[in-house]
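**Student:** The structure file final-v4.tsv (TSV, C-alpha atoms) is provided below.
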```tsv
chain	number	residue	atom	x	y	z
A	6	MET	CA	183.84	-156.75	-43.65
A	7	ARG	CA	184.39	-154.52	-40.62
A	8	ILE	CA	183.11	-151.23	-39.20
A	9	SER	CA	185.61	-148.62	-40.37
A	10	GLY	CA	185.28	-145.96	-37.65
A	11	GLY	CA	183.68	-144.73	-34.48
A	12	ALA	CA	183.00	-146.50	-31.19
A	13	SER	CA	182.69	-149.94	-32.82
A	14	ARG	CA	185.61	-149.59	-35.22
A	15	GLY	CA	187.03	-152.95	-36.25
A	16	LEU	CA	184.02	-155.07	-35.28
A	17	PRO	CA	183.20	-157.60	-37.99
A	18	LEU	CA	179.87	-157.65	-39.82
A	19	ILE	CA	178.15	-160.60	-41.44
A	20	GLY	CA	178.21	-160.28	-45.22
A	21	ALA	CA	175.71	-161.09	-47.93
A	22	ALA	CA	173.45	-164.10	-47.36
A	23	VAL	CA	172.11	-164.12	-50.93
A	24	ASP	CA	173.54	-163.63	-54.41
A	25	GLY	CA	173.28	-160.16	-55.87
A	26	VAL	CA	173.88	-158.26	-52.62
A	27	ARG	CA	176.88	-155.95	-53.07
A	28	PRO	CA	177.85	-154.54	-49.68
A	29	THR	CA	179.38	-151.07	-49.73
A	30	THR	CA	183.12	-151.63	-49.38
A	31	GLU	CA	184.92	-150.57	-46.23
A	32	ARG	CA	187.00	-148.13	-48.31
A	33	VAL	CA	183.89	-146.39	-49.70
A	34	ARG	CA	182.10	-146.40	-46.32
A	35	SER	CA	185.13	-144.84	-44.68
A	36	ALA	CA	185.35	-142.20	-47.43
A	37	ILE	CA	181.64	-141.35	-47.10
A	38	PHE	CA	181.86	-140.75	-43.38
A	39	ASN	CA	185.13	-138.86	-43.67
A	40	ILE	CA	183.45	-136.49	-46.16
A	41	LEU	CA	180.39	-135.99	-43.94
A	42	GLN	CA	180.96	-133.53	-41.13
A	43	PRO	CA	180.59	-135.14	-37.68
A	44	ASP	CA	177.58	-132.89	-36.98
A	45	LYS	CA	175.77	-134.54	-39.91
A	46	VAL	CA	176.08	-137.92	-38.16
A	47	GLU	CA	176.28	-137.40	-34.39
A	48	GLY	CA	172.84	-137.41	-32.80
A	49	SER	CA	171.16	-137.93	-36.18
A	50	ARG	CA	168.24	-140.10	-37.20
A	51	VAL	CA	169.42	-142.28	-40.10
A	52	LEU	CA	167.58	-144.14	-42.85
A	53	ASP	CA	169.46	-146.91	-44.70
A	54	LEU	CA	167.60	-147.90	-47.90
A	55	TYR	CA	168.46	-151.08	-49.85
A	56	ALA	CA	170.30	-151.88	-46.64
A	57	GLY	CA	171.78	-155.27	-47.65
A	58	THR	CA	174.02	-156.02	-44.66
A	59	GLY	CA	173.17	-152.79	-42.86
A	60	SER	CA	176.80	-151.67	-43.02
A	61	LEU	CA	176.07	-148.02	-43.88
A	62	GLY	CA	173.52	-147.49	-41.13
A	63	ILE	CA	175.60	-149.41	-38.58
A	64	GLU	CA	178.62	-147.31	-39.56
A	65	ALA	CA	176.52	-144.21	-38.79
A	66	LEU	CA	175.50	-145.65	-35.41
A	67	SER	CA	179.13	-146.39	-34.60
A	68	ARG	CA	179.94	-142.77	-35.38
A	69	GLY	CA	177.31	-141.36	-33.04
A	70	ALA	CA	173.94	-141.50	-34.81
A	71	MET	CA	171.02	-141.62	-32.37
A	72	ARG	CA	169.02	-144.28	-34.23
A	73	ALA	CA	168.78	-145.94	-37.63
A	74	ASP	CA	166.02	-147.53	-39.67
A	75	PHE	CA	166.96	-150.13	-42.28
A	76	VAL	CA	164.83	-151.10	-45.29
A	77	GLU	CA	165.66	-154.28	-47.20
A	78	ARG	CA	163.37	-156.50	-49.24
A	79	ASN	CA	165.13	-159.87	-48.86
A	80	ARG	CA	164.10	-161.69	-45.67
A	81	ARG	CA	167.45	-163.46	-45.29
A	82	GLN	CA	169.26	-160.13	-45.53
A	83	CYS	CA	166.84	-158.63	-43.00
A	84	ARG	CA	167.94	-161.34	-40.56
A	85	VAL	CA	171.60	-160.53	-41.35
A	86	ILE	CA	170.99	-156.84	-40.57
A	87	GLN	CA	169.33	-157.73	-37.26
A	88	GLU	CA	172.21	-160.08	-36.37
A	89	ASN	CA	174.73	-157.35	-37.22
A	90	LEU	CA	172.81	-154.84	-35.07
A	91	ASP	CA	172.64	-157.27	-32.15
A	92	PHE	CA	176.31	-158.26	-32.41
A	93	THR	CA	177.52	-154.66	-32.53
A	94	GLY	CA	175.29	-153.65	-29.60
A	95	TYR	CA	172.97	-151.42	-31.65
A	96	GLY	CA	169.91	-153.68	-31.57
A	97	ASP	CA	168.05	-151.25	-29.31
A	98	VAL	CA	168.58	-148.23	-31.62
A	99	GLY	CA	168.17	-149.99	-34.98
A	100	ARG	CA	164.92	-151.06	-36.59
A	101	VAL	CA	164.67	-153.33	-39.65
A	102	ALA	CA	161.77	-153.18	-42.11
A	103	CYS	CA	161.61	-156.07	-44.54
A	104	ALA	CA	159.90	-154.40	-47.51
A	105	GLU	CA	160.34	-153.08	-51.03
A	106	VAL	CA	161.90	-149.63	-50.69
A	107	LEU	CA	159.43	-147.71	-52.89
A	108	ASP	CA	156.43	-149.41	-51.23
A	109	TRP	CA	157.85	-148.61	-47.80
A	110	LEU	CA	158.48	-144.97	-48.74
A	111	ASN	CA	154.93	-144.65	-50.09
A	112	ARG	CA	153.41	-146.19	-46.97
A	113	LEU	CA	155.46	-144.14	-44.55
A	114	ALA	CA	155.02	-140.89	-46.49
A	115	ALA	CA	151.24	-141.25	-46.23
A	116	ASN	CA	151.49	-141.28	-42.43
A	117	THR	CA	154.39	-138.93	-41.78
A	118	ASN	CA	154.75	-135.87	-39.58
A	119	ASP	CA	157.70	-133.57	-38.85
A	120	SER	CA	159.01	-135.80	-36.06
A	121	ASP	CA	159.39	-138.66	-38.57
A	122	SER	CA	162.04	-136.91	-40.66
A	123	TYR	CA	165.54	-138.26	-41.16
A	124	ASP	CA	168.72	-136.22	-40.85
A	125	LEU	CA	170.81	-138.61	-42.93
A	126	VAL	CA	169.63	-141.01	-45.63
A	127	VAL	CA	172.09	-143.50	-47.12
A	128	LEU	CA	171.35	-145.77	-50.04
A	129	ASP	CA	173.47	-148.02	-52.19
A	130	PRO	CA	170.97	-149.93	-54.34
A	131	PRO	CA	171.93	-152.93	-56.48
A	132	TYR	CA	173.50	-151.83	-59.77
A	133	ARG	CA	171.22	-154.26	-61.66
A	134	MET	CA	168.31	-152.09	-60.52
A	135	GLY	CA	169.52	-149.33	-62.85
A	136	GLU	CA	169.76	-145.72	-61.87
A	137	PRO	CA	168.44	-144.76	-58.43
A	138	THR	CA	166.72	-141.56	-59.62
A	139	PRO	CA	163.15	-142.92	-59.08
A	140	THR	CA	163.99	-143.73	-55.46
A	141	LEU	CA	165.55	-140.29	-54.94
A	142	GLU	CA	162.47	-138.65	-56.50
A	143	ARG	CA	160.14	-140.57	-54.20
A	144	LEU	CA	162.31	-139.80	-51.18
A	145	ALA	CA	162.41	-136.08	-52.07
A	146	GLN	CA	158.58	-135.98	-52.21
A	147	SER	CA	157.98	-138.19	-49.17
A	148	GLY	CA	158.06	-135.64	-46.38
A	149	LEU	CA	160.74	-137.76	-44.65
A	150	LEU	CA	163.45	-135.14	-45.16
A	151	ASN	CA	163.96	-131.99	-43.11
A	152	PRO	CA	165.69	-128.76	-44.21
A	153	LYS	CA	169.05	-130.02	-42.88
A	154	SER	CA	168.85	-133.57	-44.27
A	155	THR	CA	171.73	-135.05	-46.24
A	156	VAL	CA	171.20	-137.88	-48.73
A	157	VAL	CA	174.15	-140.06	-49.75
A	158	VAL	CA	173.67	-142.37	-52.73
A	159	GLY	CA	176.00	-145.00	-54.15
A	160	PHE	CA	175.72	-145.83	-57.83
A	161	SER	CA	177.68	-147.10	-60.82
A	162	ASN	CA	180.02	-144.67	-62.56
A	163	ARG	CA	178.23	-145.68	-65.79
A	164	VAL	CA	175.09	-143.91	-64.54
A	165	THR	CA	174.55	-140.16	-64.66
A	166	LEU	CA	172.38	-138.81	-61.89
A	167	PRO	CA	170.71	-135.40	-62.16
A	168	VAL	CA	172.21	-132.56	-60.13
A	169	ASP	CA	168.72	-131.52	-58.99
A	170	ILE	CA	165.96	-133.94	-58.00
A	171	HIS	CA	162.95	-132.01	-56.69
A	172	CYS	CA	164.12	-130.48	-53.38
A	173	LEU	CA	167.49	-132.27	-53.51
A	174	HIS	CA	170.62	-130.60	-54.90
A	175	GLU	CA	173.91	-132.42	-55.42
A	176	ILE	CA	176.66	-130.81	-53.35
A	177	ASP	CA	179.47	-133.32	-53.98
A	178	ARG	CA	180.27	-136.38	-56.07
A	179	ARG	CA	183.19	-138.78	-55.69
A	180	SER	CA	184.41	-141.77	-57.70
A	181	TYR	CA	186.03	-144.94	-56.40
A	182	GLY	CA	186.76	-147.26	-59.31
A	183	ASP	CA	183.39	-148.30	-60.76
A	184	ASN	CA	181.62	-146.89	-57.69
A	185	ALA	CA	180.38	-143.31	-57.48
A	186	VAL	CA	178.89	-141.57	-54.46
A	187	GLY	CA	176.62	-138.52	-54.68
A	188	PHE	CA	175.93	-136.22	-51.74
A	189	TYR	CA	172.65	-134.28	-51.83
A	190	ALA	CA	171.31	-131.53	-49.57
A	191	VAL	CA	167.78	-130.21	-49.30
A	192	ARG	CA	167.38	-126.89	-51.13
A	193	ALA	CA	165.68	-124.06	-49.33
A	194	ALA	CA	162.15	-123.44	-50.58
A	195	ALA	CA	161.74	-120.39	-52.83
A	196	ASN	CA	159.78	-117.55	-51.25
```
Represent the supplied structure as structure tokens.

**Tutor:**
Amino acid sequence: MRISGGASRGLPLIGAAVDGVRPTTERVRSAIFNILQPDKVEGSRVLDLYAGTGSLGIEALSRGAMRADFVERNRRQCRVIQENLDFTGYGDVGRVACAEVLDWLNRLAANTNDSDSYDLVVLDPPYRMGEPTPTLERLAQSGLLNPKSTVVVGFSNRVTLPVDIHCLHEIDRRSYGDNAVGFYAVRAAAN
């Protein structure tokens, strides 16, 4: 597994340390970041949920993101993410939280302010978890998104995600074999 683009293109990443972790493939990561406009990534604050190996957030850092936070529940995978950050030279702009995603979102949302918002949120949860709608709902209500935030979610093609989830509206959807990727933007509040 390698970084597919940006300043660190070609650098290898450590893969899964435990069974059940399904890293986002290089093909899908490359497609995601080719679809995103550079201004959605460069200088952005990124949140990588269900981070696994950290490949999505590290890919964003390689492509010019300012900083990235990674949330992963498995302690061994948290160590893998930190090792990948250190090896790629992003250890000083990446922060790893070893926690359950929904618990972490609830905790952070209770103590958030405007400066805590993320410009780009990427998540590719385990397929065995089922559909990621509950996580997207919690994220949409957390106060961690700003009016220009983009949320990118990986999921199984066998799952149907809603087009609208609270303040999030699907703006694009792509399929790659059994993998699907949804792109959501924050809807403007009604006056």

**Student:** As a PDB file with C-alpha atoms, in the frame of the given file, please: the residues near Tyr123 of chain A (cut-off 8 Å, only C-alpha atoms, same-chain neighbours under 3 positions excluded).

**Tutor:**
```pdb
ATOM      1  CA  SER A  49     171.160-137.930 -36.180  1.00  0.00           C
ATOM      2  CA  ARG A  50     168.240-140.100 -37.200  1.00  0.00           C
ATOM      3  CA  VAL A  51     169.420-142.280 -40.100  1.00  0.00           C
ATOM      4  CA  LEU A  52     167.580-144.140 -42.850  1.00  0.00           C
ATOM      5  CA  VAL A 126     169.630-141.010 -45.630  1.00  0.00           C
ATOM      6  CA  LEU A 149     160.740-137.760 -44.650  1.00  0.00           C
ATOM      7  CA  LEU A 150     163.450-135.140 -45.160  1.00  0.00           C
ATOM      8  CA  ASN A 151     163.960-131.990 -43.110  1.00  0.00           C
ATOM      9  CA  SER A 154     168.850-133.570 -44.270  1.00  0.00           C
TER      10      SER A 154
END
```

**Student:** Can you tell me, as number ranges by chain, which residues sit within 8 Å of (176.9, -142.3, -57.7) in the file's frame, using only C-alpha atoms?

**Tutor:** A: 158-162, 164-166, 178-180, 184-187

**Student:** With all atoms listed in the file as the basis for distance, which of A:Cys172, A:Tyr189, A:Arg163, A:Arg34 is at the shortest distance from Arg143 of chain A?

**Tutor:**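 Among A:Cys172, A:Tyr189, A:Arg163, A:Arg34, it is A:Cys172 that comes nearest to Arg143 of chain A.
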
**Student:** Just the residues within 6 Å of segment 65-76 of chain A, please, counting all atoms listed in the file, with nothing from its chain fewer than 3 positions along; format it as a list of chain:residue names.

**Tutor:**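 Here the qualifying residues turn out to be A:Gly11, A:Ala12, A:Ser13, A:Val46, A:Glu47, A:Gly48, A:Ser49, A:Arg50, A:Val51, A:Leu52, A:Asp53, A:Leu54, A:Tyr55, A:Ala56, A:Gly62, A:Val98, A:Gly99, A:Arg100, A:Val101, A:Ala102, A:Cys103.
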
**Student:** For atom CA of His171 of chain A and atom CA of Glu142 of chain A, determine how far apart the two atoms are, in Å to one decimal place.

**Tutor:**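 Taking atom CA of His171 of chain A as the start and atom CA of Glu142 of chain A as the end point, the length is 6.7 Å.
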
**Student:** Using only C-alpha atoms for the distances, tell me which of A:Leu110, A:Val157, A:Ala193, A:Val85 is nearest to Ala36 of chain A.

**Tutor:**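 The shortest atom-to-atom distance to Ala36 of chain A comes from A:Val157.
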
**Student:** Would you mind reading off the distance between atom CA of Pro130 of chain A and atom CA of Thr155 of chain A, one decimal, in Å?

**Tutor:**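 Going from atom CA of Pro130 of chain A over to atom CA of Thr155 of chain A, I get 17.0 Å.
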
**Student:** Env of Arg78 of chain A: 8 Å cut, atoms = all atoms listed in the file, seq-sep filter 4 positions within chain, self excluded. Answer as a list in words.

**Tutor:** Tyr55, Gln82, Cys83, Cys103, Ala104, Glu105 and Val106 of chain A

**Student:** Mind giving me the straight-line distance from atom CA of Arg192 of chain A to atom CA of Arg32 of chain A in Å, one decimal?

**Tutor:**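 Atom-to-atom, atom CA of Arg192 of chain A to atom CA of Arg32 of chain A, that is 29.1 Å.
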
**Student:** Of the candidates A:Leu173, A:Ala21, A:Leu144, A:Met134, which shows the shortest atom-to-atom distance to Asn79 of chain A, using only C-alpha atoms?

**Tutor:**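 The closest residue to Asn79 of chain A is A:Ala21.
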
**Student:** For each of A:Ile170, A:Leu113, A:Leu18, A:Ile176, take the minimum atom-to-atom distance to Ile40 of chain A, counting all atoms listed in the file, then give the residue where this is smallest.

**Tutor:**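 Residue with the minimum atom-to-atom distance to Ile40 of chain A: A:Ile176.
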
**Student:** Please write as a PyMOL selection string the list of polymer residues whose atoms come within 6 Å of (172.5, -155.5, -48.5), counting all atoms listed in the file and keeping to the coordinates of the file.

**Tutor:** chain A and resi 26+28+56-58

**Student:** Nearest to Thr93 of chain A among A:Gly59, A:Gly182, A:Pro167, A:Gly148, with distances taken over all atoms listed in the file: which residue is it?

**Tutor:**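 The answer is A:Gly59, which sits nearest to Thr93 of chain A.
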
**Student:** Hey, which of A:Asp91, A:Asp124, A:Glu64, A:Asp169 ends up closest to Ile37 of chain A? Count all atoms listed in the file.

**Tutor:**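 Checking each candidate against Ile37 of chain A, we get A:Glu64 as the closest.
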
**Student:** Set up a box along x, y and z of the file covering all listed atoms of segment 163-170 of chain A, add 3 Å on every one of the six sides, and write the centre and edge lengths in Å to one decimal, as lines of an AutoDock Vina configuration file.

**Tutor:**
```
center_x = 172.1
center_y = -138.6
center_z = -61.9
size_x = 18.3
size_y = 20.2
size_z = 13.8
```
